[in-house]
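Participant: Mind looking over this structure? Questions follow.
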Amino acid sequence: MRTVSKLLGLACVWLVTQPASALNIFACEPEWAALARALAPQADIYSATHVYQDPHYIEARPSLIARLRRADIAFCSGAALKEGWLPALQQRAANPAVREGAPGMFYAADVVSTIEKHHEALVGRGHVHAEGNPHLHLDPDRVQTIARHFSQRLMQLDPEQAPQYRQAFQVWQKHWKQKRLQWKQQALALSGKSVVVQHSTFSYLLRWLKLKPVADLEPAPGVSPTLSHLDTLTKSLETEKPLAIVHNWYQSDNSARWLAKRISVPVLALPSTVSEKDGISTLDQLFDHLIAELRSAQL
Amino acid sequence: MKLKSLPSLVPYSLLVSLAVPGVVEAADEKTRISATVDAYYKSDNTALGGREDGLGLGHTELSVQHQIADLFSARLTAIAEVNDVENNGDIEEAYLETLSLPAGLSVRAGRFLADLGYLNGQHSHADNFVERPLVYRGFLGNHYFDDGLGVRAVLPTDYYWQLSAAAFTGDHLGNFESGPSVGAWTLATKVGDDIDESQSWQAGVSYLRNRMDLHAGHEEEHEEEEDHEHEEEHAGHSHGAAFSGEHMYIADAVWKWSPSGNNKSQQLSVSAEYFKVTDISPEAGAGDHDGWYTAAVYRFAPEWSVGVRYGELNARQEHEEGVFENADLRETTLMAAWNPTHTQTVRLQYTHQDAAGIEGEDNAVTLQYLISFGAHDAHSF
């Protein structure tokens, strides 16, 4: 019984030492950490994943449990990207602030609509979900809506600092609207062209830029490219040449290069999200980079 | 190949495949339903539990999780195992867990997997090998779940630190005659963190106190009729631990490496656990049981992984009143697995055993096919 009383003693100690300083924000994906940095500059912000990781395959690592345990708010894409690891983290972190349905659990997919909704495939179709494509941070218009909702959530959870959050959002939105016009202008040159993709990561961006994804190197979403599938693509793409073959930084470029050689179009390795160490630390820098890369393929 | 078990496989797999699509449609966001079918063929029986030879269904499960009014989450897991010797269904988990306690605390009540070692709290279908290590089969009856009450606390430290304590009825520890109302209790702690972007680790120690009546009443002393029923129910398959003692101590450690933390394409994971079981008998000179294993699994491409595991179990077995002899078993396991999709695994495994004082050691080849339906199961560490 002595162990039990020791445990109870410990419990009391950490009950009274709960931190109450700056808001602690846990971002599931780096893009939301970047957005949170703009909207809550004083907060302590942590990104659970980075650009070189496939966000569908994250493990509920001990370090992530510890981070979520101390979070006041979690900012995540939601939809299919929460499957697989977030429920396990929430369960093991035992933090009521970020449990499912709590105001501190903010899903971007809850405040905007998603595209590419499919009926739940039970077998064999890889990562396709009824909730639609979860890579919604690559649409400037949706990002603006998400930022507005997230800023409101911050004000709700931390009313003392509401004026600061409101001001930060207004500054961000003014800048974003200017950038948006600039990107629309740059996108004119790309409008109507086609690209080959590997996974549906860039669907929102392509749609916004009016680029057509004519083919996917993945035979089914989340399934690695196969030779027979690439062979079929070679034949179908010979007639109408796309602008480029696009893949993610976290994907191997073998399949893209194989196909590129056959149909002689350039391969573009694009970041699917922000990456501070590569000099892309904000969402507008990400869109600048992506659009510049796509435009360069055209020359 | 023994085919007589085939007809009995059919109703179970039909049940699962019919039930799942229906409930998935009906499920709302707060309900998660998953099912896993585990079909296998094993060439020979091996010593100390594991799977029966022939064609069968291993740990086939249907699991439902539901969140109740932001206060509790409920989980129910039903399992079925079908082989030449028995058709066995059981409820492995049926518990409520609190969601709204402060300070990283959570309380579980009902039937659940005990927080012991690295593997015990994990669902078997996520295992990297077809069978659990020797120490789990010998000392915990594959995995230990029981009816009880448990409390966990995650401390607000920079690294991960969890403490847990639980009290159980002890009924699932083995076939014991009697015991107090709290037949078992456990204590466990785990710490873990990242080393850098590519490496992470976790280590833990845990303790199980077995308060069941270990020493009185061996099965041969029972009334014949009762004994017969018992035998039939558990023929050839151990549901509790084969080797018990009053105290069990476990130390476990796991280290994982994947380049840039992108564990989809490549990952190496190395794990090791040590078990010691003491006070196995009031007789002087009875000695202790112990055992350990270490396993390495390398996923070298998104769809492919290979693994090797070596384990030892050193038990003390009572041959006649007060006379204990060594019962030692060594097991080497090689495994190769292919994941054609995220929801399917085909695994080929070779097991080699050497024994002294334990019967039934053999070499076996096992082919396993796993498929899961419904909600994705978490990628736990």
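Following the order of the structure tokens, first chain is A, next is B, and so on, with residues numbered from 1 inside each chain and ligands from 1 in the order they appear.
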Please identify all polymer residues within 7 Å of Pro213 (chain A), counting only C-alpha atoms, omitting same-chain residues fewer than 6 positions from it, and present them as a ChimeraX atom specification.
Facilitator: /A:194-197
Participant: Once you count only C-alpha atoms, what closest atom pair and distance in Å to one decimal does each residue of region 167-199 of chain A within 10 Å of region 39-42 of chain A have, with rows by chain and rising residue number, as CSV?
Facilitator:
residue,atom,partner,partner_atom,distance
A:Gln167,CA,A:Leu39,CA,8.7
A:Ala168,CA,A:Leu39,CA,5.3
A:Phe169,CA,A:Leu39,CA,5.6
A:Gln170,CA,A:Leu39,CA,9.1
A:Val171,CA,A:Leu39,CA,9.0
A:Trp172,CA,A:Leu39,CA,7.3
A:Gln173,CA,A:Leu39,CA,9.8
Participant: What would the file look like if the residues just selected were written as a PDB file, in the first residue's frame with C-alpha atoms?
Facilitator:
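The file below, out-v7.pdb, is the result:
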ATOM      1  CA  GLN A 167      -5.157  41.676 -34.789  1.00  0.00           C
ATOM      2  CA  ALA A 168      -2.852  38.865 -35.896  1.00  0.00           C
ATOM      3  CA  PHE A 169      -5.617  37.443 -38.090  1.00  0.00           C
ATOM      4  CA  GLN A 170      -6.346  40.801 -39.705  1.00  0.00           C
ATOM      5  CA  VAL A 171      -2.663  41.342 -40.527  1.00  0.00           C
ATOM      6  CA  TRP A 172      -2.383  37.816 -41.923  1.00  0.00           C
ATOM      7  CA  GLN A 173      -5.593  38.073 -43.972  1.00  0.00           C
TER       8      GLN A 173
END
Participant: At a cut-off of 6 Å, which residues of chain B touch chain A? Count only C-alpha atoms and give the answer as JSON, numbers by chain.
Facilitator: {"B": [99, 100, 103, 104, 159, 160, 192, 193, 194, 262, 264, 341, 342, 373, 376, 377, 378, 379, 380, 381]}
Participant: Can those selected residues be exported to a file as a PDB file, in the first residue's frame so that it contains N, CA and C atoms?
Facilitator:
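Final file, result_36.pdb:
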ATOM      1  N   LEU B  99     -12.373   9.838 -20.200  1.00  0.00           N
ATOM      2  CA  LEU B  99     -11.748  10.737 -21.173  1.00  0.00           C
ATOM      3  C   LEU B  99     -11.523  12.127 -20.588  1.00  0.00           C
ATOM      4  N   SER B 100     -12.121  12.419 -19.451  1.00  0.00           N
ATOM      5  CA  SER B 100     -12.135  13.810 -18.995  1.00  0.00           C
ATOM      6  C   SER B 100     -11.479  14.042 -17.649  1.00  0.00           C
ATOM      7  N   ALA B 103      -5.038  16.152 -15.367  1.00  0.00           N
ATOM      8  CA  ALA B 103      -3.665  15.771 -15.035  1.00  0.00           C
ATOM      9  C   ALA B 103      -3.195  14.467 -15.675  1.00  0.00           C
ATOM     10  N   GLY B 104      -3.646  14.200 -16.881  1.00  0.00           N
ATOM     11  CA  GLY B 104      -3.146  13.027 -17.597  1.00  0.00           C
ATOM     12  C   GLY B 104      -3.597  11.701 -17.017  1.00  0.00           C
ATOM     13  N   TYR B 159       9.727  14.520 -22.018  1.00  0.00           N
ATOM     14  CA  TYR B 159       9.774  13.193 -22.623  1.00  0.00           C
ATOM     15  C   TYR B 159       8.523  12.445 -22.155  1.00  0.00           C
ATOM     16  N   TYR B 160       8.287  11.273 -22.719  1.00  0.00           N
ATOM     17  CA  TYR B 160       7.104  10.494 -22.357  1.00  0.00           C
ATOM     18  C   TYR B 160       7.365   9.699 -21.083  1.00  0.00           C
ATOM     19  N   GLY B 192       9.972   7.217 -22.733  1.00  0.00           N
ATOM     20  CA  GLY B 192      10.374   7.157 -24.130  1.00  0.00           C
ATOM     21  C   GLY B 192      10.543   8.541 -24.706  1.00  0.00           C
ATOM     22  N   ASP B 193      11.270   8.603 -25.816  1.00  0.00           N
ATOM     23  CA  ASP B 193      11.499   9.895 -26.466  1.00  0.00           C
ATOM     24  C   ASP B 193      12.122   9.655 -27.848  1.00  0.00           C
ATOM     25  N   ASP B 194      12.346  10.767 -28.554  1.00  0.00           N
ATOM     26  CA  ASP B 194      13.097  10.694 -29.810  1.00  0.00           C
ATOM     27  C   ASP B 194      14.564  10.974 -29.513  1.00  0.00           C
ATOM     28  N   ASN B 262      10.588   8.869 -41.905  1.00  0.00           N
ATOM     29  CA  ASN B 262       9.557   8.449 -42.848  1.00  0.00           C
ATOM     30  C   ASN B 262       9.399   6.936 -42.776  1.00  0.00           C
ATOM     31  N   LYS B 264       7.177   4.938 -43.490  1.00  0.00           N
ATOM     32  CA  LYS B 264       6.462   4.174 -44.513  1.00  0.00           C
ATOM     33  C   LYS B 264       7.448   3.394 -45.393  1.00  0.00           C
ATOM     34  N   THR B 341      -1.423  -4.475 -49.758  1.00  0.00           N
ATOM     35  CA  THR B 341      -2.104  -3.205 -49.512  1.00  0.00           C
ATOM     36  C   THR B 341      -1.970  -2.918 -48.028  1.00  0.00           C
ATOM     37  N   HIS B 342      -2.441  -1.744 -47.642  1.00  0.00           N
ATOM     38  CA  HIS B 342      -2.330  -1.345 -46.247  1.00  0.00           C
ATOM     39  C   HIS B 342      -3.114  -2.255 -45.308  1.00  0.00           C
ATOM     40  N   PHE B 373     -10.666  -4.955 -41.897  1.00  0.00           N
ATOM     41  CA  PHE B 373     -11.782  -4.222 -42.487  1.00  0.00           C
ATOM     42  C   PHE B 373     -12.160  -3.075 -41.576  1.00  0.00           C
ATOM     43  N   HIS B 376      -9.221   2.092 -39.617  1.00  0.00           N
ATOM     44  CA  HIS B 376      -7.797   1.771 -39.552  1.00  0.00           C
ATOM     45  C   HIS B 376      -7.391   1.554 -38.126  1.00  0.00           C
ATOM     46  N   ASP B 377      -6.585   0.568 -37.902  1.00  0.00           N
ATOM     47  CA  ASP B 377      -6.057   0.418 -36.571  1.00  0.00           C
ATOM     48  C   ASP B 377      -4.842   1.327 -36.440  1.00  0.00           C
ATOM     49  N   ALA B 378      -4.621   1.811 -35.234  1.00  0.00           N
ATOM     50  CA  ALA B 378      -3.549   2.766 -35.009  1.00  0.00           C
ATOM     51  C   ALA B 378      -2.180   2.130 -35.234  1.00  0.00           C
ATOM     52  N   HIS B 379      -1.252   2.959 -35.737  1.00  0.00           N
ATOM     53  CA  HIS B 379       0.132   2.524 -35.836  1.00  0.00           C
ATOM     54  C   HIS B 379       0.793   2.799 -34.486  1.00  0.00           C
ATOM     55  N   SER B 380       0.654   1.888 -33.560  1.00  0.00           N
ATOM     56  CA  SER B 380       1.216   2.143 -32.236  1.00  0.00           C
ATOM     57  C   SER B 380       2.711   1.868 -32.276  1.00  0.00           C
ATOM     58  N   PHE B 381       3.417   2.462 -31.325  1.00  0.00           N
ATOM     59  CA  PHE B 381       4.880   2.367 -31.329  1.00  0.00           C
ATOM     60  C   PHE B 381       5.315   1.004 -30.830  1.00  0.00           C
TER      61      PHE B 381
END
Participant: Considering only C-alpha atoms, state which residue in the set A:Arg153, A:His199, A:Lys210, A:His229 is at the smallest distance from Pro103 (chain A).
Facilitator: A:Arg153
Participant: Residues near region 132-146 of chain A, anyone? I mean within 10 Å using only C-alpha atoms, not counting same-chain ones fewer than 3 positions away, as a PyMOL selection string.
Facilitator: chain A and resi 29+31-32+35+55+77-82+106-120+127-129+149-152+169+172-173+176-177+179-180+183+200-209+272-273+283-284+286-287+290
Participant: Please report, as number ranges by chain, each residue of region 206-360 of chain B to which DSSP assigns helix (DSSP H, G or I) when run on this structure's backbone.
Facilitator: B: 219-221, 224-233, 259-261
Participant: Can those selected residues be exported to a file as a CSV table (one decimal), in the first residue's frame so that it contains N, CA, C and O atoms?
Facilitator:
chain,number,residue,atom,x,y,z
B,219,GLU,N,-4.3,-30.6,-10.5
B,219,GLU,CA,-5.5,-31.1,-11.2
B,219,GLU,C,-5.8,-32.5,-10.9
B,219,GLU,O,-7.0,-32.9,-10.9
B,220,GLU,N,-4.8,-33.3,-10.7
B,220,GLU,CA,-5.1,-34.7,-10.5
B,220,GLU,C,-5.8,-35.0,-9.2
B,220,GLU,O,-6.4,-36.1,-9.0
B,221,GLU,N,-5.9,-34.0,-8.3
B,221,GLU,CA,-6.5,-34.2,-7.0
B,221,GLU,C,-8.0,-33.9,-7.1
B,221,GLU,O,-8.8,-34.1,-6.1
B,224,GLU,N,-13.0,-36.7,-10.3
B,224,GLU,CA,-12.7,-37.2,-11.7
B,224,GLU,C,-13.6,-36.5,-12.8
B,224,GLU,O,-13.1,-36.1,-13.8
B,225,GLU,N,-14.9,-36.3,-12.4
B,225,GLU,CA,-15.8,-35.8,-13.4
B,225,GLU,C,-15.4,-34.3,-13.8
B,225,GLU,O,-15.3,-34.0,-14.9
B,226,GLU,N,-15.1,-33.5,-12.7
B,226,GLU,CA,-14.7,-32.2,-12.9
B,226,GLU,C,-13.5,-32.1,-13.8
B,226,GLU,O,-13.3,-31.3,-14.7
B,227,ASP,N,-12.6,-33.0,-13.4
B,227,ASP,CA,-11.3,-33.0,-14.1
B,227,ASP,C,-11.4,-33.3,-15.5
B,227,ASP,O,-10.8,-32.7,-16.4
B,228,HIS,N,-12.4,-34.2,-15.8
B,228,HIS,CA,-12.6,-34.6,-17.2
B,228,HIS,C,-13.1,-33.4,-18.0
B,228,HIS,O,-12.6,-33.1,-19.1
B,229,GLU,N,-14.0,-32.7,-17.5
B,229,GLU,CA,-14.6,-31.5,-18.1
B,229,GLU,C,-13.5,-30.5,-18.4
B,229,GLU,O,-13.4,-29.9,-19.5
B,230,HIS,N,-12.7,-30.3,-17.4
B,230,HIS,CA,-11.6,-29.4,-17.5
B,230,HIS,C,-10.6,-29.7,-18.7
B,230,HIS,O,-10.3,-28.9,-19.5
B,231,GLU,N,-10.3,-31.0,-18.7
B,231,GLU,CA,-9.4,-31.5,-19.7
B,231,GLU,C,-9.9,-31.2,-21.1
B,231,GLU,O,-9.2,-30.8,-22.0
B,232,GLU,N,-11.2,-31.5,-21.2
B,232,GLU,CA,-11.8,-31.4,-22.6
B,232,GLU,C,-11.8,-29.9,-23.0
B,232,GLU,O,-11.5,-29.6,-24.1
B,233,GLU,N,-12.1,-29.0,-22.1
B,233,GLU,CA,-12.2,-27.6,-22.4
B,233,GLU,C,-10.9,-27.0,-22.8
B,233,GLU,O,-10.8,-26.2,-23.7
B,259,PRO,N,14.9,6.4,-41.8
B,259,PRO,CA,15.5,7.6,-42.3
B,259,PRO,C,14.6,8.8,-42.4
B,259,PRO,O,13.5,8.6,-42.9
B,260,SER,N,15.0,9.9,-41.8
B,260,SER,CA,14.2,11.1,-41.7
B,260,SER,C,12.8,10.9,-41.1
B,260,SER,O,11.9,11.7,-41.2
B,261,GLY,N,12.7,9.8,-40.4
B,261,GLY,CA,11.4,9.6,-39.7
B,261,GLY,C,10.3,9.2,-40.6
B,261,GLY,O,9.1,9.1,-40.3
